[in-house]
Amino acid sequence: MKVRTYGRHFKEGSKNLVRNGWMTFASISAVTVMLLVVGAFLAVIMNINHFADSLEEDVEIRVFIDRDAETSEQDNLEENIDTLSGVDTIDYIPRDEGLEDFIDSLGDEGDYFESLREENPLNDVFVVNAENPEQTDRLAADIEGMDHVENLEYGQDIFEQLFSATDFIRIAGIVLIAGLLFTAIFLIANTIKLTIIARKTEIGIMKLVGATNSFIRWPFFIEGLLLGILGSILPIAALTYGYDQLYHAIGERTGLDFFEFLPPYPMLLQISVLLVVTGAVVGVWGSLMSVRKFLKV
């Protein structure tokens with residue numbers, strides 16, 4: 001009996017979608033636009049976080065040693081760095097090797113710098129990697145105050161700009177999504193309101209013959225649920241196709257070792273599940289608002 005009852009609720013909820021015509025279309029469109037923005041926003045944020053994580057994993061502190069430091073003084077500096085908590089590895093790059101790498105990295109244009117071999121202007125360098133990228137700031141501050149350290153670099157400005165941009169994108173996306181969410185809920189609530197008004201007489205008769213409140217309300221909840229789920233279909237299809245094409249057309253050929261797009265799967269599957277759930281929640285929420293306000297049973 002319960003299966004037949006739920007079947008009846010689903011059938012009535014489906015009919016309501018057809019009865020409301022343009023309002024149904026407007027509601028589904030609003031949910032579609034909202035979820036499309038949500039999905040795109042999630043894809044961008046997940047890739048930015050992936051990019052930031054990749055940079056953090058590769059972050060290193062380059063310690064430029066005083067040019068007049070003796071070998072024993074360099075050894076003492078290395079020992080002092082190694083005693084710091086959080087240090088993972090220390091690599092030594094002599095100035096001659098550093099110049100060689102610099103010239104090789106320029107290709108044919110490196111020939112213009114061959115004269116530097118006679119009087120190498122570079123410093124000997126210690127390359128320090130932290131056990132945890134979050135410890136980099138502290139380690140850099142500790143190393144900077146040591147003897148025979150001329151200068152050090154670890155890309156602090158780049159990270160600060162990256163995280164500031166990420167925070168801005170998150171805030172802007174949340175504000176936009178909140179506005180679209182409100183619009184979608186409002187349209188769904190009004191769509192179901194029209195159904196309630198159109199079936200006012202029928203609902204009254206059902207109440208007189210003994211229909212329970214839940215029996216009367218269920219088709220409207222089903223209607224809202226269907227509006228939300230139907231609104232998630234197009235965004236999922238568009239994001240799946242679009243991101244997959246983008247990944248294979250651009251993501252594998254960025255030419256930048258430190259920047260790679262996240263693989264389409266399982267990321268797209270995770271976003272798809274979230275969009276369906278969000279659409280369903282928005283639809284049921286909109287129907288709940290309308291039923292509470294306009295359905296007096």
# chains A, B, ... in the order shown; residues from 1 in each chain; ligands from 1

$ residues_around --residues "Val284 of chain A" --least-positions-apart "3" --cutoff "6 Å" --atoms "only C-alpha atoms" --output "MDAnalysis selection string"
chainID A and resid 221 224:225 281 287:288

$ write_last_selection --atoms "all heavy atoms" --output "PDB file, in the first residue's frame"
ATOM      1  N   PHE A 221       5.864  18.447  -2.109  1.00  0.00           N
ATOM      2  CA  PHE A 221       7.274  18.208  -1.826  1.00  0.00           C
ATOM      3  C   PHE A 221       7.949  17.504  -3.006  1.00  0.00           C
ATOM      4  O   PHE A 221       9.084  17.826  -3.379  1.00  0.00           O
ATOM      5  CB  PHE A 221       7.433  17.362  -0.556  1.00  0.00           C
ATOM      6  CG  PHE A 221       6.989  18.049   0.700  1.00  0.00           C
ATOM      7  CD1 PHE A 221       6.358  17.347   1.718  1.00  0.00           C
ATOM      8  CD2 PHE A 221       7.201  19.404   0.886  1.00  0.00           C
ATOM      9  CE1 PHE A 221       5.953  17.988   2.885  1.00  0.00           C
ATOM     10  CE2 PHE A 221       6.803  20.051   2.048  1.00  0.00           C
ATOM     11  CZ  PHE A 221       6.163  19.340   3.043  1.00  0.00           C
ATOM     12  N   GLY A 224       8.630  20.046  -5.768  1.00  0.00           N
ATOM     13  CA  GLY A 224       9.828  20.836  -5.503  1.00  0.00           C
ATOM     14  C   GLY A 224      11.097  20.037  -5.716  1.00  0.00           C
ATOM     15  O   GLY A 224      12.084  20.530  -6.285  1.00  0.00           O
ATOM     16  N   LEU A 225      11.087  18.769  -5.258  1.00  0.00           N
ATOM     17  CA  LEU A 225      12.234  17.893  -5.429  1.00  0.00           C
ATOM     18  C   LEU A 225      12.562  17.702  -6.908  1.00  0.00           C
ATOM     19  O   LEU A 225      13.729  17.783  -7.319  1.00  0.00           O
ATOM     20  CB  LEU A 225      11.956  16.543  -4.767  1.00  0.00           C
ATOM     21  CG  LEU A 225      13.055  15.479  -4.861  1.00  0.00           C
ATOM     22  CD1 LEU A 225      14.288  15.924  -4.082  1.00  0.00           C
ATOM     23  CD2 LEU A 225      12.552  14.135  -4.349  1.00  0.00           C
ATOM     24  N   VAL A 281      17.804  19.890  -2.396  1.00  0.00           N
ATOM     25  CA  VAL A 281      17.576  20.651  -1.162  1.00  0.00           C
ATOM     26  C   VAL A 281      16.885  21.976  -1.469  1.00  0.00           C
ATOM     27  O   VAL A 281      15.940  22.375  -0.777  1.00  0.00           O
ATOM     28  CB  VAL A 281      18.914  20.897  -0.429  1.00  0.00           C
ATOM     29  CG1 VAL A 281      18.724  21.884   0.716  1.00  0.00           C
ATOM     30  CG2 VAL A 281      19.467  19.582   0.105  1.00  0.00           C
ATOM     31  N   SER A 287       9.542  24.356  -1.806  1.00  0.00           N
ATOM     32  CA  SER A 287       8.203  23.794  -1.643  1.00  0.00           C
ATOM     33  C   SER A 287       7.746  23.880  -0.190  1.00  0.00           C
ATOM     34  O   SER A 287       6.574  24.153   0.098  1.00  0.00           O
ATOM     35  CB  SER A 287       8.189  22.335  -2.111  1.00  0.00           C
ATOM     36  OG  SER A 287       8.986  21.525  -1.271  1.00  0.00           O
ATOM     37  N   LEU A 288       8.667  23.673   0.738  1.00  0.00           N
ATOM     38  CA  LEU A 288       8.330  23.751   2.161  1.00  0.00           C
ATOM     39  C   LEU A 288       7.874  25.156   2.537  1.00  0.00           C
ATOM     40  O   LEU A 288       6.881  25.332   3.273  1.00  0.00           O
ATOM     41  CB  LEU A 288       9.551  23.349   2.989  1.00  0.00           C
ATOM     42  CG  LEU A 288       9.350  23.259   4.509  1.00  0.00           C
ATOM     43  CD1 LEU A 288       8.316  22.196   4.846  1.00  0.00           C
ATOM     44  CD2 LEU A 288      10.676  22.956   5.200  1.00  0.00           C
TER      45      LEU A 288
END

$ residues_around --residues "Thr195 of chain A" --least-positions-apart "5" --cutoff "10 Å" --atoms "only C-alpha atoms" --output "PyMOL selection string"
chain A and resi 13+16-17+19-20+190+200+220+223

$ closest_residue --among "A:Asp147, A:Glu260, A:Asp53, A:Glu109" --to "Glu70 of chain A" --atoms "only C-alpha atoms"
A:Asp147

$ select_by_dssp --residues "segment 44-249 of chain A" --states "strand (DSSP E or B)" --output "list in words"
Ile61, Arg62, Val63, Phe64, Ile65, Val87, Asp88, Thr89, Ile90, Asp91, Tyr92, Ile93, Val125, Phe126, Val127, Val128, Asn129, Ala130, Val149, Glu150, Asn151, Leu152 and Glu153 of chain A

$ atom_distance --atom1 "atom CA of Glu202 of chain A" --atom2 "atom CA of Arg217 of chain A"
12.8 Å

$ atom_distance --atom1 "atom CA of Ala140 of chain A" --atom2 "atom CA of Thr89 of chain A"
14.0 Å

$ select_by_dssp --residues "segment 54-294 of chain A" --states "helix (DSSP H, G or I)" --output "ChimeraX atom specification"
/A:54-58,71-82,95-105,107-117,133-144,156-198,200-208,213-249,251-253,264-294

$ atom_distance --atom1 "atom CA of Phe182 of chain A" --atom2 "atom CA of Ala30 of chain A"
9.7 Å

$ closest_residue --among "A:Phe126, A:Ile216, A:Gly228, A:Trp22" --to "Gly204 of chain A" --atoms "only C-alpha atoms"
A:Ile216

$ residues_around --residues "Arg170 of chain A" --least-positions-apart "2" --cutoff "12 Å" --atoms "only C-alpha atoms" --output "NGL selection string"
:A and (38 or 41-46 or 48-49 or 163-168 or 172-177)

$ write_last_selection --atoms "C-alpha atoms" --output "compact mmCIF listing (two decimals), in the first residue's frame"
# COMPACT_ATOMS: atom_id res chain seq x y z
CA VAL A 38 28.10 26.76 -8.30
CA PHE A 41 32.94 28.07 -9.03
CA LEU A 42 33.76 24.75 -7.36
CA ALA A 43 35.86 23.64 -10.35
CA VAL A 44 37.84 26.91 -10.25
CA ILE A 45 38.38 26.79 -6.49
CA MET A 46 39.40 23.11 -6.51
CA ILE A 48 43.28 26.91 -7.44
CA ASN A 49 43.66 24.91 -4.23
CA PHE A 163 46.15 33.42 -1.25
CA SER A 164 44.69 36.97 -1.42
CA ALA A 165 43.35 36.25 -4.92
CA THR A 166 41.93 32.92 -3.74
CA ASP A 167 40.14 34.57 -0.81
CA PHE A 168 38.66 37.24 -3.12
CA ALA A 172 32.77 36.90 -4.65
CA GLY A 173 31.55 33.40 -5.53
CA ILE A 174 29.71 32.97 -2.24
CA VAL A 175 27.91 36.31 -2.65
CA LEU A 176 26.88 35.47 -6.22
CA ILE A 177 25.71 31.99 -5.29

$ closest_residue --among "A:Gly39, A:Gly242, A:Gly231, A:Gly145" --to "Gln270 of chain A" --atoms "only C-alpha atoms"
A:Gly39

$ closest_residue --among "A:Ala184, A:Ile271, A:Ala198, A:Leu99" --to "Phe25 of chain A" --atoms "only C-alpha atoms"
A:Ala184
